[in-house]
>>> print(open('work37.txt').read())   # compact mmCIF, C-alpha atoms
# COMPACT_ATOMS: atom_id res chain seq x y z
CA MET A 1 89.76 104.81 108.26
CA LEU A 2 92.53 106.41 105.80
CA ALA A 3 95.35 108.60 106.94
CA ALA A 4 99.01 108.24 107.83
CA CYS A 5 101.78 109.17 105.75
CA LEU A 6 98.10 109.90 105.08
CA VAL A 7 98.27 113.01 107.13
CA THR A 8 97.54 111.93 110.67
CA ALA A 9 101.13 111.35 111.66
CA ALA A 10 104.48 112.81 110.79
CA CYS A 11 105.72 110.53 108.04
CA THR A 12 109.19 111.69 107.10
CA GLU A 13 111.85 110.50 104.76
CA PRO A 14 114.14 108.00 106.51
CA LYS A 15 117.36 109.32 107.97
CA PRO A 16 120.70 107.65 107.25
CA GLY A 17 121.90 105.15 109.79
CA TYR A 18 118.67 103.39 110.69
CA GLU A 19 119.37 99.75 111.34
CA ALA A 20 117.25 97.27 109.39
CA VAL A 21 115.02 95.13 111.57
CA ALA A 22 113.81 92.05 109.77
CA GLU A 23 111.67 90.52 112.50
CA THR A 24 109.32 91.74 115.16
CA ILE A 25 110.02 88.52 117.04
CA PRO A 26 113.14 86.37 116.66
CA PRO A 27 112.54 83.78 113.93
CA SER A 28 112.88 80.84 116.30
CA SER A 29 110.08 82.12 118.49
CA ILE A 30 107.53 83.18 115.89
CA GLU A 31 104.32 81.28 116.37
CA PRO A 32 100.90 81.31 114.74
CA SER A 33 98.52 83.97 116.03
CA SER A 34 96.87 82.73 119.19
CA SER A 35 93.17 81.95 119.08
CA VAL A 36 90.40 81.61 121.59
CA ALA A 37 87.84 78.82 121.80
CA PRO A 38 86.04 78.12 118.51
CA SER A 39 82.47 79.27 118.02
CA SER A 40 79.88 76.59 118.74
CA THR A 41 78.36 77.01 115.26
CA THR A 42 81.49 77.03 113.12
CA PRO A 43 83.91 74.09 112.86
CA ALA A 44 87.35 74.86 114.24
CA PRO A 45 90.01 75.27 111.54
CA SER A 46 92.30 72.32 111.00
CA GLY A 47 95.08 71.10 108.78
CA GLU A 48 98.02 72.99 107.35
CA PRO A 49 98.01 76.69 108.30
CA PHE A 50 97.44 79.37 105.70
CA VAL A 51 100.41 81.66 106.31
CA ILE A 52 100.31 85.42 105.69
CA GLY A 53 103.52 87.41 106.02
CA VAL A 54 102.90 90.90 107.38
CA VAL A 55 105.20 93.85 106.67
CA ASN A 56 104.60 96.92 108.79
CA SER A 57 106.57 100.00 109.89
CA GLU A 58 107.22 99.91 113.63
CA GLY A 59 109.73 101.15 116.14
CA ASN A 60 111.00 104.18 114.24
CA PRO A 61 110.02 107.60 115.64
CA GLY A 62 107.78 109.35 113.13
CA VAL A 63 107.05 106.18 111.17
CA ASP A 64 105.65 103.88 113.85
CA PHE A 65 102.32 102.18 113.20
CA PRO A 66 101.94 99.24 115.64
CA ASP A 67 98.15 99.60 115.52
CA PHE A 68 98.19 97.78 112.17
CA SER A 69 99.97 94.73 113.57
CA ILE A 70 97.75 94.74 116.65
CA ALA A 71 94.65 94.83 114.45
CA PHE A 72 95.97 92.05 112.21
CA ARG A 73 96.59 89.80 115.20
CA ALA A 74 93.15 90.58 116.61
CA ALA A 75 91.45 89.89 113.28
CA ALA A 76 93.39 86.62 112.92
CA ASN A 77 92.15 85.52 116.34
CA TYR A 78 88.59 86.38 115.32
CA ILE A 79 88.95 84.50 112.03
CA ASN A 80 90.35 81.39 113.74
CA SER A 81 87.87 81.39 116.62
CA GLU A 82 84.62 82.44 114.97
CA LEU A 83 84.94 82.21 111.18
CA GLY A 84 86.55 78.81 110.79
CA GLY A 85 89.92 80.05 109.58
CA PHE A 86 90.88 80.54 105.93
CA GLY A 87 89.10 77.88 103.88
CA GLY A 88 88.87 75.75 107.00
CA ARG A 89 92.61 76.06 107.64
CA PRO A 90 94.04 77.91 110.64
CA LEU A 91 95.41 81.34 109.81
CA GLU A 92 99.01 82.01 110.83
CA LEU A 93 100.64 85.43 110.74
CA ILE A 94 104.36 86.12 110.60
CA VAL A 95 104.88 89.81 111.37
CA CYS A 96 108.03 91.57 110.19
CA ALA A 97 108.79 95.16 111.25
CA THR A 98 110.50 97.64 108.95
CA GLN A 99 112.13 100.83 110.15
CA ALA A 100 111.49 103.23 107.28
CA SER A 101 114.47 102.23 105.17
CA PRO A 102 114.74 100.33 101.88
CA GLU A 103 117.15 97.92 103.54
CA SER A 104 114.75 96.91 106.31
CA SER A 105 111.86 96.47 103.85
CA GLN A 106 114.06 94.33 101.64
CA ALA A 107 115.16 92.25 104.65
CA CYS A 108 111.53 91.60 105.56
CA ALA A 109 110.63 90.56 102.02
CA GLN A 110 113.61 88.20 101.81
CA ASP A 111 112.84 86.64 105.18
CA LEU A 112 109.15 86.10 104.36
CA ALA A 113 110.05 84.66 100.98
CA ALA A 114 112.47 82.24 102.64
CA ARG A 115 109.68 81.14 104.96
CA GLY A 116 107.43 80.38 101.99
CA VAL A 117 104.44 82.43 103.11
CA ASP A 118 101.26 82.04 101.06
CA MET A 119 100.87 85.77 100.57
CA ALA A 120 102.18 89.09 101.87
CA MET A 121 100.03 91.70 103.57
CA ILE A 122 101.22 95.29 103.93
CA GLY A 123 100.34 97.47 106.90
CA LEU A 124 102.28 100.65 106.13
CA ASP A 125 105.63 100.21 104.42
CA LEU A 126 107.38 103.09 102.68
CA PHE A 127 109.64 100.86 100.57
CA VAL A 128 107.72 97.68 99.71
CA ALA A 129 110.14 95.23 98.03
CA TYR A 130 107.76 94.31 95.23
CA GLY A 131 110.49 92.72 93.11
CA THR A 132 111.50 90.28 95.84
CA PHE A 133 107.93 89.18 96.43
CA GLU A 134 107.30 88.87 92.69
CA SER A 135 110.43 86.75 92.16
CA ALA A 136 109.25 84.43 94.94
CA GLY A 137 105.75 84.19 93.48
CA ILE A 138 104.17 85.79 96.56
CA PRO A 139 101.15 88.04 95.89
CA VAL A 140 101.02 91.34 97.79
CA ILE A 141 97.83 92.88 99.21
CA GLY A 142 97.75 96.13 101.16
CA ALA A 143 95.21 98.57 102.56
CA VAL A 144 96.61 101.87 101.31
CA PRO A 145 99.41 102.87 98.95
CA VAL A 146 101.71 105.58 100.25
CA PHE A 147 103.80 106.87 97.35
CA ALA A 148 103.16 107.26 93.64
CA GLY A 149 104.96 104.05 92.69
CA ASP A 150 102.59 102.00 94.83
CA TYR A 151 99.64 102.93 92.62
CA SER A 152 101.11 101.06 89.64
CA ALA A 153 102.94 98.31 91.53
CA ASN A 154 102.43 94.59 91.05
CA ALA A 155 100.11 94.48 94.07
CA VAL A 156 96.51 94.92 95.12
CA TYR A 157 95.56 97.88 97.32
CA ILE A 158 92.07 97.74 98.74
CA THR A 159 91.77 101.54 98.74
CA ALA A 160 93.82 104.35 97.25
CA GLY A 161 94.99 106.07 100.39
CA ASN A 162 95.69 109.76 100.17
CA LEU A 163 94.65 109.99 96.55
CA VAL A 164 91.10 108.87 97.33
CA VAL A 165 90.84 110.60 100.72
CA GLN A 166 91.90 113.97 99.36
CA ALA A 167 90.10 113.83 96.01
CA ALA A 168 86.90 112.61 97.65
CA THR A 169 87.19 115.43 100.20
CA ALA A 170 87.53 117.94 97.38
CA ASN A 171 84.53 116.41 95.61
CA ALA A 172 82.42 116.49 98.79
CA ILE A 173 83.11 120.22 99.07
CA VAL A 174 82.85 121.40 95.45
CA SER A 175 80.22 119.14 93.90
CA GLU A 176 76.61 120.33 93.75
CA LYS A 177 75.67 116.77 94.77
CA TYR A 178 77.14 117.48 98.19
CA LEU A 179 78.07 120.95 99.53
CA GLY A 180 78.66 122.85 96.28
CA LEU A 181 81.19 125.26 97.79
CA LYS A 182 83.94 126.88 95.69
CA ARG A 183 86.20 128.58 98.21
CA VAL A 184 88.33 126.67 100.70
CA ALA A 185 90.94 127.47 103.34
CA ILE A 186 93.44 124.71 104.15
CA ILE A 187 95.31 124.65 107.47
CA ALA A 188 98.26 122.29 107.25
CA ALA A 189 101.20 121.19 109.34
CA ASP A 190 104.43 121.84 107.48
CA SER A 191 105.49 118.19 107.13
CA ALA A 192 106.32 115.61 104.47
CA ALA A 193 103.01 113.84 105.14
CA THR A 194 101.04 117.01 104.51
CA ALA A 195 103.04 117.83 101.39
CA ASP A 196 102.15 114.42 99.98
CA ALA A 197 98.45 114.92 100.76
CA LEU A 198 98.40 118.36 99.15
CA THR A 199 99.73 116.93 95.88
CA TYR A 200 96.37 115.15 95.58
CA LEU A 201 94.05 117.68 97.22
CA GLU A 202 95.07 120.88 95.45
CA PRO A 203 94.69 119.57 91.85
CA ALA A 204 91.33 118.04 92.79
CA LEU A 205 90.09 121.37 94.16
CA ARG A 206 91.23 123.10 90.97
CA ALA A 207 89.49 120.48 88.85
CA GLY A 208 86.31 121.19 90.81
CA GLY A 209 86.61 124.92 90.14
CA ALA A 210 87.45 125.96 93.71
CA GLU A 211 89.65 128.80 94.91
CA PHE A 212 91.79 127.94 97.90
CA VAL A 213 94.51 129.18 100.18
CA THR A 214 96.93 126.96 102.13
CA ILE A 215 98.14 128.18 105.52
CA LYS A 216 101.12 126.35 106.99
CA GLY A 217 101.88 125.92 110.68
CA GLY A 218 104.41 123.98 112.71
CA GLU A 219 103.97 120.26 113.27
CA THR A 220 102.93 121.20 116.80
CA GLU A 221 101.67 124.57 118.01
CA SER A 222 100.60 126.20 121.24
CA ASP A 223 96.93 127.03 121.78
CA ALA A 224 97.73 130.56 120.67
CA GLY A 225 99.42 129.19 117.56
CA TYR A 226 96.37 127.13 116.59
CA ARG A 227 94.15 130.14 117.18
CA SER A 228 96.38 132.25 114.92
CA LEU A 229 96.20 129.64 112.15
CA MET A 230 92.40 129.57 112.39
CA GLN A 231 92.27 133.38 112.30
CA GLN A 232 94.42 133.42 109.15
CA ALA A 233 92.09 130.91 107.54
CA ALA A 234 89.02 132.94 108.53
CA ALA A 235 90.53 136.03 106.89
CA PHE A 236 90.11 134.28 103.52
CA ASP A 237 86.35 134.22 104.26
CA PRO A 238 85.99 130.59 103.18
CA PRO A 239 82.69 128.68 103.26
CA ALA A 240 84.70 125.49 103.99
CA LEU A 241 87.85 124.51 105.88
CA ILE A 242 90.20 121.53 105.57
CA VAL A 243 92.66 120.67 108.35
CA PHE A 244 95.79 118.53 108.06
CA TYR A 245 96.91 117.92 111.62
CA SER A 246 97.29 114.96 113.93
CA GLN A 247 95.07 114.49 116.97
CA ALA A 248 96.73 117.14 119.17
CA GLY A 249 96.44 119.66 116.34
CA CYS A 250 92.80 118.79 115.79
CA VAL A 251 92.09 119.46 119.46
CA GLY A 252 93.71 122.90 119.21
CA LEU A 253 92.05 123.81 115.92
CA MET A 254 88.59 122.56 116.88
CA ARG A 255 88.73 124.62 120.05
CA ALA A 256 90.00 127.67 118.14
CA ARG A 257 87.23 127.36 115.55
CA ALA A 258 84.58 127.23 118.28
CA ASP A 259 86.13 130.09 120.27
CA LEU A 260 86.21 132.31 117.17
CA GLY A 261 82.58 131.51 116.31
CA ILE A 262 83.44 129.96 112.94
CA ASP A 263 80.69 127.58 111.86
CA VAL A 264 81.53 126.68 108.25
CA PRO A 265 81.82 122.97 107.29
CA SER A 266 85.27 121.78 108.34
CA PHE A 267 87.05 118.60 107.26
CA ALA A 268 89.64 116.45 109.03
CA SER A 269 90.98 112.91 108.91
CA THR A 270 89.26 110.02 110.66
CA ALA A 271 92.01 109.99 113.29
CA CYS A 272 90.61 113.29 114.55
CA LEU A 273 87.35 111.51 115.34
CA GLY A 274 89.17 109.37 117.89
CA ASP A 275 88.03 109.26 121.50
CA THR A 276 91.08 111.25 122.63
CA VAL A 277 90.04 114.21 120.47
CA ILE A 278 86.29 114.10 121.00
CA ASP A 279 86.62 113.71 124.76
CA ALA A 280 88.92 116.74 124.83
CA VAL A 281 86.86 119.11 122.65
CA GLY A 282 83.27 118.09 123.43
CA PRO A 283 80.75 120.34 121.59
CA ALA A 284 83.57 122.02 119.64
CA ALA A 285 83.49 118.96 117.34
CA VAL A 286 80.04 119.93 116.02
CA GLY A 287 80.16 120.80 112.32
CA TRP A 288 83.25 118.78 111.50
CA TYR A 289 83.33 116.17 108.72
CA PHE A 290 85.60 113.13 108.80
CA ALA A 291 86.78 111.42 105.62
CA GLY A 292 86.52 107.65 105.69
CA ALA A 293 84.23 107.32 108.72
CA SER A 294 80.71 106.01 108.27
CA GLY A 295 79.17 107.39 111.45
CA GLY A 296 75.98 106.17 113.07
CA ALA A 297 75.46 103.72 115.91
CA GLU A 298 78.26 101.32 116.72
CA SER A 299 77.97 98.10 114.72
CA ASP A 300 78.36 94.52 115.88
CA ASP A 301 81.55 94.37 113.84
CA SER A 302 82.97 97.38 115.66
CA ARG A 303 82.15 95.78 118.99
CA ASN A 304 83.89 92.59 117.84
CA MET A 305 86.91 94.62 116.82
CA ARG A 306 87.09 96.29 120.22
CA LYS A 307 86.75 92.93 121.99
CA TYR A 308 89.46 91.13 120.04
CA VAL A 309 91.86 94.08 120.04
CA ALA A 310 91.34 94.35 123.79
CA ASP A 311 92.30 90.67 124.11
CA VAL A 312 95.53 91.34 122.21
CA THR A 313 96.46 94.51 124.08
CA GLY A 314 95.29 93.64 127.57
CA LYS A 315 92.96 96.63 127.66
CA ARG A 316 89.21 96.84 128.18
CA PRO A 317 87.02 96.97 125.04
CA ASP A 318 85.82 100.47 125.97
CA GLN A 319 89.45 101.65 125.85
CA ILE A 320 89.81 100.67 122.19
CA ASP A 321 89.22 103.46 119.68
CA ARG A 322 86.91 102.36 116.86
CA TYR A 323 88.50 104.75 114.39
CA GLY A 324 91.99 105.08 112.96
CA PHE A 325 94.57 102.49 111.99
CA THR A 326 93.24 99.73 114.23
CA SER A 327 89.91 99.78 112.44
CA LEU A 328 91.64 99.98 109.07
CA GLY A 329 93.86 96.97 109.78
CA TRP A 330 90.92 94.94 111.08
CA ASP A 331 88.93 95.71 107.92
CA GLN A 332 91.90 94.91 105.69
CA LEU A 333 92.48 91.36 106.91
CA LEU A 334 88.77 90.57 107.12
CA THR A 335 88.25 91.83 103.57
CA ILE A 336 90.92 89.36 102.45
CA TRP A 337 89.14 86.63 104.45
CA LYS A 338 85.84 87.56 102.80
CA VAL A 339 87.36 87.20 99.36
CA ALA A 340 88.91 83.86 100.33
CA ALA A 341 85.59 82.60 101.72
CA ASN A 342 83.89 83.14 98.35
CA LEU A 343 86.45 81.41 96.16
CA ASP A 344 85.19 78.76 93.73
CA VAL A 345 88.70 77.33 93.34
CA PRO A 346 91.18 75.90 95.86
CA LEU A 347 92.53 78.36 98.42
CA SER A 348 95.93 79.89 97.72
CA GLY A 349 97.54 83.29 97.76
CA ASP A 350 97.29 83.35 93.98
CA SER A 351 93.59 82.46 93.93
CA ILE A 352 92.84 85.24 96.44
CA ASN A 353 94.88 87.68 94.39
CA GLU A 354 93.09 86.68 91.19
CA ALA A 355 89.69 87.09 92.84
CA PHE A 356 90.61 90.66 93.79
CA ARG A 357 91.93 91.43 90.33
CA SER A 358 88.86 90.03 88.58
CA GLY A 359 86.48 92.26 90.55
CA ARG A 360 85.05 89.56 92.82
CA GLY A 361 86.07 91.24 96.06
CA ARG A 362 83.84 93.04 98.55
CA VAL A 363 84.87 95.23 101.47
CA TRP A 364 84.29 93.51 104.80
CA SER A 365 82.59 96.38 106.61
CA SER A 366 80.53 97.97 103.82
CA ASP A 367 80.20 95.26 101.15
CA ALA A 368 81.33 97.87 98.60
CA PRO A 369 82.57 96.20 95.38
CA LEU A 370 86.31 96.15 94.79
CA GLU A 371 87.01 96.92 91.14
CA CYS A 372 90.75 96.44 91.04
CA GLY A 373 92.43 97.93 87.99
CA SER A 374 89.29 99.68 86.79
CA VAL A 375 91.34 102.89 86.36
CA PRO A 376 94.21 102.03 83.99
CA ALA A 377 96.44 104.77 85.38
CA LEU A 378 96.12 103.26 88.87
CA PRO A 379 96.15 99.51 88.20
CA SER A 380 96.83 98.35 91.76
CA VAL A 381 93.88 100.21 93.32
CA CYS A 382 90.49 98.61 93.97
CA LEU A 383 88.26 101.27 95.56
CA PHE A 384 87.71 104.94 94.73
CA GLU A 385 84.79 105.82 97.00
CA ILE A 386 84.71 106.51 100.74
CA PRO A 387 82.06 107.50 103.29
CA PHE A 388 82.03 110.68 105.33
CA ALA A 389 80.74 111.21 108.85
CA ARG A 390 79.61 114.49 110.41
CA TYR A 391 79.64 115.41 114.08
CA THR A 392 76.35 116.97 115.21
CA GLU A 393 74.67 117.89 118.48
CA ARG A 394 73.48 114.27 118.57
CA GLY A 395 76.95 112.85 118.02
CA ILE A 396 78.55 111.27 114.99
CA GLU A 397 76.21 110.67 112.03
CA PRO A 398 76.61 109.63 108.38
CA ALA A 399 77.14 112.64 106.12
CA PHE A 400 75.51 113.17 102.72
CA GLY A 401 72.76 110.68 103.43
CA GLY A 402 75.29 107.92 103.98
CA VAL A 403 76.34 107.73 100.31
CA GLN A 404 79.92 106.99 99.35
CA VAL A 405 81.72 109.97 97.79
CA SER A 406 83.79 109.22 94.69
CA ALA A 407 87.26 110.59 94.08
CA LEU A 408 87.03 110.05 90.34
CA ASP A 409 84.83 113.08 89.62
CA VAL A 410 87.74 115.44 90.31
CA LEU A 411 90.71 113.33 89.24
CA GLU A 412 92.41 113.96 85.92
CA PHE A 413 94.57 111.27 84.33
>>> encode(input="work37.txt", output="structure tokens")
Amino acid sequence: MLAACLVTAACTEPKPGYEAVAETIPPSSIEPSSSVAPSSTTPAPSGEPFVIGVVNSEGNPGVDFPDFSIAFRAAANYINSELGGFGGRPLELIVCATQASPESSQACAQDLAARGVDMAMIGLDLFVAYGTFESAGIPVIGAVPVFAGDYSANAVYITAGNLVVQAATANAIVSEKYLGLKRVAIIAADSAATADALTYLEPALRAGGAEFVTIKGGETESDAGYRSLMQQAAAFDPPALIVFYSQAGCVGLMRARADLGIDVPSFASTACLGDTVIDAVGPAAVGWYFAGASGGAESDDSRNMRKYVADVTGKRPDQIDRYGFTSLGWDQLLTIWKVAANLDVPLSGDSINEAFRSGRGRVWSSDAPLECGSVPALPSVCLFEIPFARYTERGIEPAFGGVQVSALDVLEF
């Protein structure tokens, strides 16, 4: 589920000269998300659409996350066709692409405000124009904050992104409730994304009483380079490893770990559980843990996600990866729908926002409670626990008995 500017992709500071792009589709041609035939048991949505403006980073090398927009469109189709829309009203999405610059994010916010959207939903945006949305009275809900300012912004973030992923990873390693290990080697790509992740991981490891060493490699390496990085990590004689690399790096490091006979618990992002990686490494994935993945047999919801994403992309359902940003985006919009479906007041962006802020939200996929603002230092964040999955000889399984691992045990405010 959580990585990107959360460590699975190179997320760099924007370079001068990027042109702001305020629309994915020209304004005159933007239409509501398409929907398929309504379910026979749920009335089809009708009346005035409930309009959500989406802001997502797309089209800029290094900061390109179209999977979020694809997932949002797929989830909107599912909501309209099988869940009766939002409060009985058809859901309409207006998607606006940013290109990793403050100017493009501001252009998106201004355009969505001019269109009078009911609320704004953030995929991944490095420069969310909170002030513009606030001035227009448009509530903002996102999946994961990226930078420190997002954690205290006038917004709701369903999870805490890197902060939770990294602190929960540290807790899973150091706490006696889980692995109880106090020595860790970190293998990390030398990138801005990794640097951001380490600002959360390293203090959490210290708070848990762990010694650690961080070994830096290039953003991409040869097979020999990945093997060298793994050998350097092994020289520290750690009982646990953490890897910060994208999918290609995970393939190289998983193979190197297996070739060198290293069998200590090893941690990576959920993106490294993707079909591309697992198909490439086979048994070399055994012994790896993945932050944010629940593991176990595929659920009906996951099958629905594959089906509807396949409809949007023109692929077959079996070609859709059930991990990564697509799954995260699907869960994000459906969590918002779930909150809206349980309102005891008229539907509006404000009433959805208030339900989140008052602790009445539940995560779509896990039903975990969303306690927004429960940590005063991080008022925009609603969830501080994540699951872990472990790859075994039998395949992917829930780790730690399937319990959610909290980040709060090793966070200091």
>>> atom_distance(input="work37.txt", atom1="atom CA of A:Ser380", atom2="atom CA of A:Ala170")
22.4 Å
>>> residues_near_point(input="work37.txt", point="(108.4, 82.0, 94.8)", cutoff="12 Å", atoms="all atoms listed in the file", output="ChimeraX atom specification")
/A:109-110,112-120,131-139,349-350
>>> write_last_selection(input="work37.txt", atoms="C-alpha atoms", output="PDB file, in the coordinates of the input")
ATOM      1  CA  ALA A 109     110.630  90.560 102.020  1.00  0.00           C
ATOM      2  CA  GLN A 110     113.610  88.200 101.810  1.00  0.00           C
ATOM      3  CA  LEU A 112     109.150  86.100 104.360  1.00  0.00           C
ATOM      4  CA  ALA A 113     110.050  84.660 100.980  1.00  0.00           C
ATOM      5  CA  ALA A 114     112.470  82.240 102.640  1.00  0.00           C
ATOM      6  CA  ARG A 115     109.680  81.140 104.960  1.00  0.00           C
ATOM      7  CA  GLY A 116     107.430  80.380 101.990  1.00  0.00           C
ATOM      8  CA  VAL A 117     104.440  82.430 103.110  1.00  0.00           C
ATOM      9  CA  ASP A 118     101.260  82.040 101.060  1.00  0.00           C
ATOM     10  CA  MET A 119     100.870  85.770 100.570  1.00  0.00           C
ATOM     11  CA  ALA A 120     102.180  89.090 101.870  1.00  0.00           C
ATOM     12  CA  GLY A 131     110.490  92.720  93.110  1.00  0.00           C
ATOM     13  CA  THR A 132     111.500  90.280  95.840  1.00  0.00           C
ATOM     14  CA  PHE A 133     107.930  89.180  96.430  1.00  0.00           C
ATOM     15  CA  GLU A 134     107.300  88.870  92.690  1.00  0.00           C
ATOM     16  CA  SER A 135     110.430  86.750  92.160  1.00  0.00           C
ATOM     17  CA  ALA A 136     109.250  84.430  94.940  1.00  0.00           C
ATOM     18  CA  GLY A 137     105.750  84.190  93.480  1.00  0.00           C
ATOM     19  CA  ILE A 138     104.170  85.790  96.560  1.00  0.00           C
ATOM     20  CA  PRO A 139     101.150  88.040  95.890  1.00  0.00           C
ATOM     21  CA  GLY A 349      97.540  83.290  97.760  1.00  0.00           C
ATOM     22  CA  ASP A 350      97.290  83.350  93.980  1.00  0.00           C
TER      23      ASP A 350
END
>>> residues_near_point(input="work37.txt", point="(79.9, 95.4, 110.8)", cutoff="12 Å", atoms="all atoms listed in the file", output="mmCIF file with C-alpha atoms, in the frame of the given file")
data_model
loop_
_atom_site.group_PDB
_atom_site.id
_atom_site.type_symbol
_atom_site.label_atom_id
_atom_site.label_comp_id
_atom_site.auth_asym_id
_atom_site.auth_seq_id
_atom_site.Cartn_x
_atom_site.Cartn_y
_atom_site.Cartn_z
ATOM 1 C CA SER A 294 80.710 106.010 108.270
ATOM 2 C CA GLY A 296 75.980 106.170 113.070
ATOM 3 C CA ALA A 297 75.460 103.720 115.910
ATOM 4 C CA GLU A 298 78.260 101.320 116.720
ATOM 5 C CA SER A 299 77.970 98.100 114.720
ATOM 6 C CA ASP A 300 78.360 94.520 115.880
ATOM 7 C CA ASP A 301 81.550 94.370 113.840
ATOM 8 C CA SER A 302 82.970 97.380 115.660
ATOM 9 C CA ARG A 303 82.150 95.780 118.990
ATOM 10 C CA ASN A 304 83.890 92.590 117.840
ATOM 11 C CA MET A 305 86.910 94.620 116.820
ATOM 12 C CA ARG A 306 87.090 96.290 120.220
ATOM 13 C CA ARG A 322 86.910 102.360 116.860
ATOM 14 C CA SER A 327 89.910 99.780 112.440
ATOM 15 C CA TRP A 330 90.920 94.940 111.080
ATOM 16 C CA ASP A 331 88.930 95.710 107.920
ATOM 17 C CA LEU A 334 88.770 90.570 107.120
ATOM 18 C CA THR A 335 88.250 91.830 103.570
ATOM 19 C CA VAL A 363 84.870 95.230 101.470
ATOM 20 C CA TRP A 364 84.290 93.510 104.800
ATOM 21 C CA SER A 365 82.590 96.380 106.610
ATOM 22 C CA SER A 366 80.530 97.970 103.820
ATOM 23 C CA ASP A 367 80.200 95.260 101.150
#
>>> closest_atom_pairs(input="work37.txt", of="stretch 265-330 of chain A", to="stretch 150-166 of chain A", cutoff="12 Å", atoms="only C-alpha atoms", output="CSV")
residue,atom,partner,partner_atom,distance
A:Phe267,CA,A:Gln166,CA,10.4
A:Ala268,CA,A:Val165,CA,10.2
A:Ser269,CA,A:Val165,CA,8.5
A:Thr270,CA,A:Val165,CA,10.1
A:Phe290,CA,A:Val165,CA,10.0
A:Ala291,CA,A:Val165,CA,6.4
A:Gly292,CA,A:Val165,CA,7.2
A:Ala293,CA,A:Val165,CA,10.9
A:Leu328,CA,A:Thr159,CA,10.4
A:Gly329,CA,A:Ile158,CA,11.2
>>> atom_distance(input="work37.txt", atom1="atom CA of A:Ala355", atom2="atom CA of A:Val339")
6.9 Å
>>> atom_distance(input="work37.txt", atom1="atom CA of A:Ala340", atom2="atom CA of A:Ser374")
20.8 Å
>>> residues_around(input="work37.txt", residues="A:Ala280", least_positions_apart="3", cutoff="10 Å", atoms="all atoms listed in the file", output="PDB file with C-alpha atoms, keeping the file's coordinate frame")
ATOM      1  CA  ALA A 248      96.730 117.140 119.170  1.00  0.00           C
ATOM      2  CA  VAL A 251      92.090 119.460 119.460  1.00  0.00           C
ATOM      3  CA  GLY A 252      93.710 122.900 119.210  1.00  0.00           C
ATOM      4  CA  MET A 254      88.590 122.560 116.880  1.00  0.00           C
ATOM      5  CA  ARG A 255      88.730 124.620 120.050  1.00  0.00           C
ATOM      6  CA  ASP A 275      88.030 109.260 121.500  1.00  0.00           C
ATOM      7  CA  THR A 276      91.080 111.250 122.630  1.00  0.00           C
ATOM      8  CA  VAL A 277      90.040 114.210 120.470  1.00  0.00           C
ATOM      9  CA  PRO A 283      80.750 120.340 121.590  1.00  0.00           C
ATOM     10  CA  ALA A 284      83.570 122.020 119.640  1.00  0.00           C
ATOM     11  CA  ALA A 285      83.490 118.960 117.340  1.00  0.00           C
TER      12      ALA A 285
END
>>> closest_residue(input="work37.txt", among="A:Pro49, A:Leu91, A:Pro61, A:Pro265", to="A:Trp337", atoms="all atoms listed in the file")
A:Leu91
>>> residues_around(input="work37.txt", residues="A:Val309", least_positions_apart="3", cutoff="12 Å", atoms="all atoms listed in the file", output="PyMOL selection string")
chain A and resi 67-78+302-306+312-322+325-327+329-330
>>> closest_atom_pairs(input="work37.txt", of="stretch 60-157 of chain A", to="stretch 41-44 of chain A", cutoff="7 Å", atoms="only C-alpha atoms", output="Markdown table")
| residue | atom | partner | partner_atom | distance |
| --- | --- | --- | --- | --- |
| A:Ser81 | CA | A:Ala44 | CA | 7.0 |
| A:Glu82 | CA | A:Thr42 | CA | 6.5 |
| A:Leu83 | CA | A:Thr42 | CA | 6.5 |
| A:Gly84 | CA | A:Ala44 | CA | 5.3 |
>>> write_last_selection(input="work37.txt", atoms="C-alpha atoms", output="compact mmCIF listing (two decimals), keeping the file's coordinate frame")
# COMPACT_ATOMS: atom_id res chain seq x y z
CA SER A 81 87.87 81.39 116.62
CA GLU A 82 84.62 82.44 114.97
CA LEU A 83 84.94 82.21 111.18
CA GLY A 84 86.55 78.81 110.79
>>> closest_residue(input="work37.txt", among="A:Ala148, A:Ser246, A:Val281, A:Asn353", to="A:Met121", atoms="all atoms listed in the file")
A:Asn353
>>> axis_aligned_box(input="work37.txt", around="stretch 88-102 of chain A", padding_each_side="4 Å", output="AutoDock Vina command-line options")
--center_x 101.8 --center_y 89.5 --center_z 106.6 --size_x 33.9 --size_y 35.5 --size_z 17.5
>>> closest_residue(input="work37.txt", among="A:Glu103, A:Glu219, A:Asp237, A:Asp190", to="A:Leu126", atoms="only C-alpha atoms")
A:Glu103
>>> closest_residue(input="work37.txt", among="A:Gly208, A:Gly225, A:Pro346, A:Gly149", to="A:Leu408", atoms="only C-alpha atoms")
A:Gly208
>>> residues_around(input="work37.txt", residues="A:Val184", least_positions_apart="6", cutoff="6 Å", atoms="all atoms listed in the file", output="MDAnalysis selection string")
chainID A and resid 212 238 240:241
>>> closest_residue(input="work37.txt", among="A:Ala188, A:Cys382, A:Arg394, A:Leu201", to="A:Ala233", atoms="all atoms listed in the file")
A:Ala188
